[in-house]
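**Student:** Have a look at this one.
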Amino acid sequence: MQPLRIGLCGLGTVAQGVLAVLKKNQQSIDARAGREIRVARVASRTARPELDLLGAQFSTELNDVIEASDVDVVVEMIGGEDAALKLVRRSLELGKPVVTANKAIIAAHGNELLALASSRQTTIGFEATVAGGIPIIASLMRALAGNEIQWLAGIINGTSNYILTAMAESGQAFDTALAEAQRLGYAEADPTLDVEGIDAAHKLTIMAALAFGIGFRFADVYTEGINAVSVEDIEYARQLGYQVKHLGIGRISDAGVELRVHPTLVPQQQLLASVNGVMNAILVNGNAAGDTLYYGAGAGALPTASAVIADLIDIARGLSLPPIATSEGETRILSIEDVECGYFLKIPSLDKPGVFAKVATILSDQKISIEAAIQKEQAIHAESQHAWVPIIILTQRVREGVMNQALEAVQQLPEVVGEITRLRVEQFVDA
Ligand code: HSE
């Protein structure tokens, strides 16, 4: 068999990881691929003479790699959006398979890129776009292909999970935990994509496209980050038997598909609640396999390289993508108002008789059932103008639109002296 000749575009952390793993595991990789996987060309804006390019020819021009007749497959590792998108499009137009770790372009342009790959009878590998070293794409595309996937829920942003874990374990405030994550290299200098949930929304979009056959619908994902979660919320959640985790959740029902990313209370006994630090995990519910859980490193040079090389081996073996819908079809994406879940409410209230009863009456008028409540004496914040207490309530499942109406009424009570905090709760026991 002829070798599979790779054109590597970019020499950042993940690209260096790809070179390192190809070098370290060359023999077994080639054996599994059934032929040699050889890095033929590398392009990067800056030369990196200190790196071992495994004998590849170097250029500072991306076109020297994409257009080269001795490159069979293009590995896009330049990051960013516009230039990467152009590079991927051009490679596919030339009929060359592409492997990428770029979740932003797959989430936002997956429909176009997969359709383009198919029209040119080529393929695009994107295992590395979701959760680094966890083989979730292959699992959804192949290993779980006999199932109807009913729902999936994942801790798919390591930075957010690191920050929430630090807040829960050592009581650090959000800003302190974020600064520590930046110091350790887990969070970017500009942490917006991570802490505002956009990175997780990219990954959820990709998983949902495979799980539910609804195309890549990034614009339809309801997205909240972790920046409004407080240490106090996490502590109250813990007292009620829950951990606060930032989840990407997809669920299909007769009503439509839910696509949402937000902080979520997860029961402490649920395995996802024990996924801490920068680790990622995805729980998938299929109608044959039941619940399966995938855990591992969601980022980093070697875990991400592991995913990239798996795609290269598939391409070397002539495996292309299974059929994946690239249009939206008929399926409705539910608005967040139509989604049903439990709620954790923190209602800052004057410490007067009858306030809890008023809140309970409003909830009951909307047929919202209270599951648990806390109101502790020591929680009184006596330093404020009036003595007030946070009333903490956990509710049973209710449609968000109904909860919004109830909360509007509660917020207007004269005894409610500050903004109500609302976090969603998932039990993962209903399917
Ligand atoms: N920044 C991401 C995270 C890793 O914190 O999980 C790359 O998607």
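Chain labels A, B, ... are given in the sequence in which chains occur in the structure tokens; within each chain residues are numbered consecutively from 1, and ligands are likewise numbered from 1 in the order shown.
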Around ligand 1, out to 9 Å and counting only C-alpha atoms and all ligand atoms, which residues are there? I want them as a VMD selection string.

**Tutor:** chain A and resid 101 to 103 129 to 132 155 to 162 186 to 188 191 193 to 195 199 to 200 202 to 203 278 to 280 297 to 300

**Student:** Set the distance at 10 Å and use only C-alpha atoms: which residues neighbour Val402 in chain A once local chain neighbours fewer than 4 positions away are removed? I'd like the list as number ranges by chain.

**Tutor:** A: 337-338, 340, 363, 366-368, 398, 406-407

**Student:** Using only C-alpha atoms, which residues sit within 12 Å of Glu112 in chain A once same-chain residues fewer than 2 positions away are excluded, as an MDAnalysis selection string?

**Tutor:** chainID A and resid 85 88:89 92:93 105:110 114:119 124 215:217 324:328

**Student:** Could you tell me, as an MDAnalysis selection string, which residues of range 69-257 of chain A DSSP assigns to strand (DSSP E or B) when given the backbone?

**Tutor:** chainID A and resid 73:76 98:100 124:125 149:155 222:223 242:253 256:257

**Student:** Skip Ile282 in chain A itself and residues of its chain fewer than 4 positions away, then list as a list in words all residues within 9 Å of it, counting only C-alpha atoms.

**Tutor:**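 Listed by chain and then number, they are Ala131, Ile134, Ile136, Leu152, Ala153, Gly154, Ile155, Ile156, Gly248, Leu272, Thr292, Leu293, Tyr294 and Tyr295 of chain A.
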
**Student:** Residues of the last selection are to be written out with N, CA and C atoms, as an mmCIF file, in the first residue's frame.

**Tutor:**
data_model
loop_
_atom_site.group_PDB
_atom_site.id
_atom_site.type_symbol
_atom_site.label_atom_id
_atom_site.label_comp_id
_atom_site.auth_asym_id
_atom_site.auth_seq_id
_atom_site.Cartn_x
_atom_site.Cartn_y
_atom_site.Cartn_z
ATOM 1 N N ALA A 131 -14.377 17.245 23.253
ATOM 2 C CA ALA A 131 -13.858 16.547 24.433
ATOM 3 C C ALA A 131 -12.538 15.820 24.198
ATOM 4 N N ILE A 134 -11.564 11.949 24.478
ATOM 5 C CA ILE A 134 -12.712 11.045 24.652
ATOM 6 C C ILE A 134 -13.281 10.700 23.267
ATOM 7 N N ILE A 136 -15.922 10.347 21.671
ATOM 8 C CA ILE A 136 -17.383 10.494 21.684
ATOM 9 C C ILE A 136 -17.965 10.561 20.273
ATOM 10 N N LEU A 152 -28.478 13.224 25.747
ATOM 11 C CA LEU A 152 -27.085 13.188 26.172
ATOM 12 C C LEU A 152 -26.822 14.428 26.996
ATOM 13 N N ALA A 153 -25.878 14.304 27.913
ATOM 14 C CA ALA A 153 -25.542 15.438 28.779
ATOM 15 C C ALA A 153 -24.061 15.356 29.071
ATOM 16 N N GLY A 154 -23.362 16.473 28.875
ATOM 17 C CA GLY A 154 -21.918 16.392 29.038
ATOM 18 C C GLY A 154 -21.317 17.562 29.775
ATOM 19 N N ILE A 155 -20.271 17.240 30.527
ATOM 20 C CA ILE A 155 -19.363 18.261 31.063
ATOM 21 C C ILE A 155 -18.311 18.399 29.981
ATOM 22 N N ILE A 156 -18.445 19.422 29.137
ATOM 23 C CA ILE A 156 -17.646 19.465 27.915
ATOM 24 C C ILE A 156 -16.800 20.727 27.845
ATOM 25 N N GLY A 248 -23.814 20.562 28.835
ATOM 26 C CA GLY A 248 -24.453 20.687 27.537
ATOM 27 C C GLY A 248 -25.458 19.549 27.453
ATOM 28 N N LEU A 272 -21.843 11.920 36.898
ATOM 29 C CA LEU A 272 -21.371 13.210 36.367
ATOM 30 C C LEU A 272 -20.975 14.170 37.487
ATOM 31 N N THR A 292 -24.657 5.150 28.863
ATOM 32 C CA THR A 292 -23.218 4.888 28.777
ATOM 33 C C THR A 292 -22.508 6.187 29.084
ATOM 34 N N LEU A 293 -21.338 6.079 29.741
ATOM 35 C CA LEU A 293 -20.633 7.275 30.204
ATOM 36 C C LEU A 293 -19.218 7.274 29.655
ATOM 37 N N TYR A 294 -18.796 8.414 29.149
ATOM 38 C CA TYR A 294 -17.479 8.562 28.521
ATOM 39 C C TYR A 294 -16.733 9.623 29.303
ATOM 40 N N TYR A 295 -15.549 9.288 29.809
ATOM 41 C CA TYR A 295 -14.832 10.181 30.725
ATOM 42 C C TYR A 295 -13.393 10.325 30.249
#

**Student:** In Å, rounded to a single decimal, give me how far CA of Glu415 in chain A is from CA of Gly354 in chain A.

**Tutor:**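 Distance reported for this atom pair: 9.6 Å.
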
**Student:** Please provide as an NGL selection string all residues within 10 Å of Gly342 in chain A, with the sequence filter that same-chain residues fewer than 5 positions apart are discarded (counting only C-alpha atoms).

**Tutor:** :A and (264-265 or 368-371 or 394-400 or 403 or 423-427)

**Student:** Mind writing the picked residues with N, CA and C atoms as a compact mmCIF listing (two decimals), in the first residue's frame?

**Tutor:**
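Ended up saving to part_20.txt:
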# COMPACT_ATOMS: atom_id res chain seq x y z
N THR A 264 -26.04 23.49 35.99
CA THR A 264 -27.12 22.56 36.31
C THR A 264 -26.84 21.89 37.64
N LEU A 265 -27.86 21.75 38.47
CA LEU A 265 -27.70 20.95 39.68
C LEU A 265 -27.87 19.48 39.30
N ILE A 368 -46.72 24.45 40.63
CA ILE A 368 -45.30 24.08 40.76
C ILE A 368 -45.13 23.46 42.13
N SER A 369 -44.62 22.24 42.12
CA SER A 369 -44.52 21.49 43.36
C SER A 369 -43.14 21.67 43.99
N ILE A 370 -43.13 21.98 45.29
CA ILE A 370 -41.86 22.17 46.01
C ILE A 370 -41.34 20.82 46.47
N GLU A 371 -40.07 20.56 46.18
CA GLU A 371 -39.48 19.27 46.55
C GLU A 371 -38.71 19.38 47.86
N LEU A 394 -36.23 24.00 46.12
CA LEU A 394 -36.00 23.09 45.01
C LEU A 394 -37.37 22.66 44.51
N THR A 395 -37.62 22.79 43.22
CA THR A 395 -38.95 22.42 42.72
C THR A 395 -38.90 21.15 41.90
N GLN A 396 -40.06 20.57 41.70
CA GLN A 396 -40.16 19.44 40.76
C GLN A 396 -40.15 20.00 39.34
N ARG A 397 -40.21 19.11 38.38
CA ARG A 397 -40.10 19.53 36.98
C ARG A 397 -41.29 20.41 36.59
N VAL A 398 -40.98 21.45 35.85
CA VAL A 398 -42.02 22.35 35.38
C VAL A 398 -41.50 23.01 34.10
N ARG A 399 -42.42 23.41 33.24
CA ARG A 399 -42.01 24.09 32.01
C ARG A 399 -41.43 25.46 32.37
N GLU A 400 -40.35 25.84 31.69
CA GLU A 400 -39.66 27.08 32.05
C GLU A 400 -40.57 28.31 31.91
N MET A 403 -42.48 28.58 35.02
CA MET A 403 -41.60 29.04 36.11
C MET A 403 -41.34 30.55 35.97
N LEU A 423 -31.44 28.30 39.10
CA LEU A 423 -30.57 27.35 38.41
C LEU A 423 -31.41 26.12 38.07
N ARG A 424 -31.12 25.51 36.93
CA ARG A 424 -31.91 24.33 36.52
C ARG A 424 -31.38 23.06 37.18
N VAL A 425 -32.26 22.10 37.35
CA VAL A 425 -31.91 20.85 38.04
C VAL A 425 -32.26 19.68 37.11
N GLU A 426 -31.35 18.73 36.97
CA GLU A 426 -31.63 17.52 36.18
C GLU A 426 -31.35 16.29 37.01
N GLN A 427 -32.23 15.31 36.94
CA GLN A 427 -32.06 14.07 37.71
C GLN A 427 -31.52 12.94 36.85

**Student:** At what distance in Å, to one decimal, does CA of Thr361 in chain A lie from CA of Gln411 in chain A?

**Tutor:** 13.4 Å

**Student:** Could you go through range 281-422 of chain A and tell me which residues DSSP, when run on the backbone, assigns to alpha helix (DSSP H), listing them as a PyMOL selection string?

**Tutor:** chain A and resi 301-316+355-365+400-411

**Student:** If I take CA of Gly277 in chain A and CA of Leu144 in chain A, how far is one from the other in Å, to one decimal?

**Tutor:**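 Distance between the two atoms: 27.6 Å.
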
**Student:** For Asn285 in chain A, find every residue with an atom within 12 Å (counting only C-alpha atoms), except residues of its own chain fewer than 4 positions away, and show them as a ChimeraX atom specification.

**Tutor:** /A:140,144,147-154,211-212,249-252,289-294,428-431

**Student:** Quick one: residues within 10 Å of Gly17 in chain A, only C-alpha atoms counted, chain neighbours fewer than 2 positions away excluded, as number ranges by chain?

**Tutor:** A: 11-15, 19-23, 300-306, 308

**Student:** Keeping only C-alpha atoms, write those residues as a PDB file, in the first residue's frame.

**Tutor:**
ATOM      1  CA  LEU A  11       2.429  24.119  14.468  1.00  0.00           C
ATOM      2  CA  GLY A  12       0.634  25.032  17.696  1.00  0.00           C
ATOM      3  CA  THR A  13       0.205  22.862  20.775  1.00  0.00           C
ATOM      4  CA  VAL A  14      -2.098  20.255  19.207  1.00  0.00           C
ATOM      5  CA  ALA A  15      -0.070  20.023  15.977  1.00  0.00           C
ATOM      6  CA  LEU A  19       3.880  15.019  15.588  1.00  0.00           C
ATOM      7  CA  ALA A  20       4.902  13.659  18.991  1.00  0.00           C
ATOM      8  CA  VAL A  21       2.309  10.846  18.993  1.00  0.00           C
ATOM      9  CA  LEU A  22       3.013   9.909  15.370  1.00  0.00           C
ATOM     10  CA  LYS A  23       6.694   9.610  16.275  1.00  0.00           C
ATOM     11  CA  GLY A 300      -4.341  19.115  25.898  1.00  0.00           C
ATOM     12  CA  ALA A 301      -1.821  18.296  23.185  1.00  0.00           C
ATOM     13  CA  LEU A 302      -1.655  14.505  23.491  1.00  0.00           C
ATOM     14  CA  PRO A 303      -5.334  13.720  24.196  1.00  0.00           C
ATOM     15  CA  THR A 304      -6.392  15.911  21.265  1.00  0.00           C
ATOM     16  CA  ALA A 305      -3.674  14.378  19.062  1.00  0.00           C
ATOM     17  CA  SER A 306      -5.040  10.941  19.965  1.00  0.00           C
ATOM     18  CA  VAL A 308      -6.725  13.513  15.287  1.00  0.00           C
TER      19      VAL A 308
END

**Student:** With only C-alpha atoms as the atoms that count, which of A:Ala357, A:Val266, A:Ala255, A:Ile206 lies nearest to Val339 in chain A?

**Tutor:**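 Among A:Ala357, A:Val266, A:Ala255, A:Ile206, it is A:Ala255 that comes nearest to Val339 in chain A.
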
**Student:** Would you please work out which residue, of A:Lys24, A:Arg45, A:Arg35, A:Arg5, is nearest to Ser69 in chain A when using only C-alpha atoms?

**Tutor:**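 Going through A:Lys24, A:Arg45, A:Arg35, A:Arg5 one by one, the smallest distance to Ser69 in chain A is for A:Arg5.
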
**Student:** For a quick check of understanding, using only C-alpha atoms, which of A:Asp175, A:Glu180, A:Glu76, A:Asp311 has the smallest distance to Val229 in chain A?

**Tutor:** A:Asp175
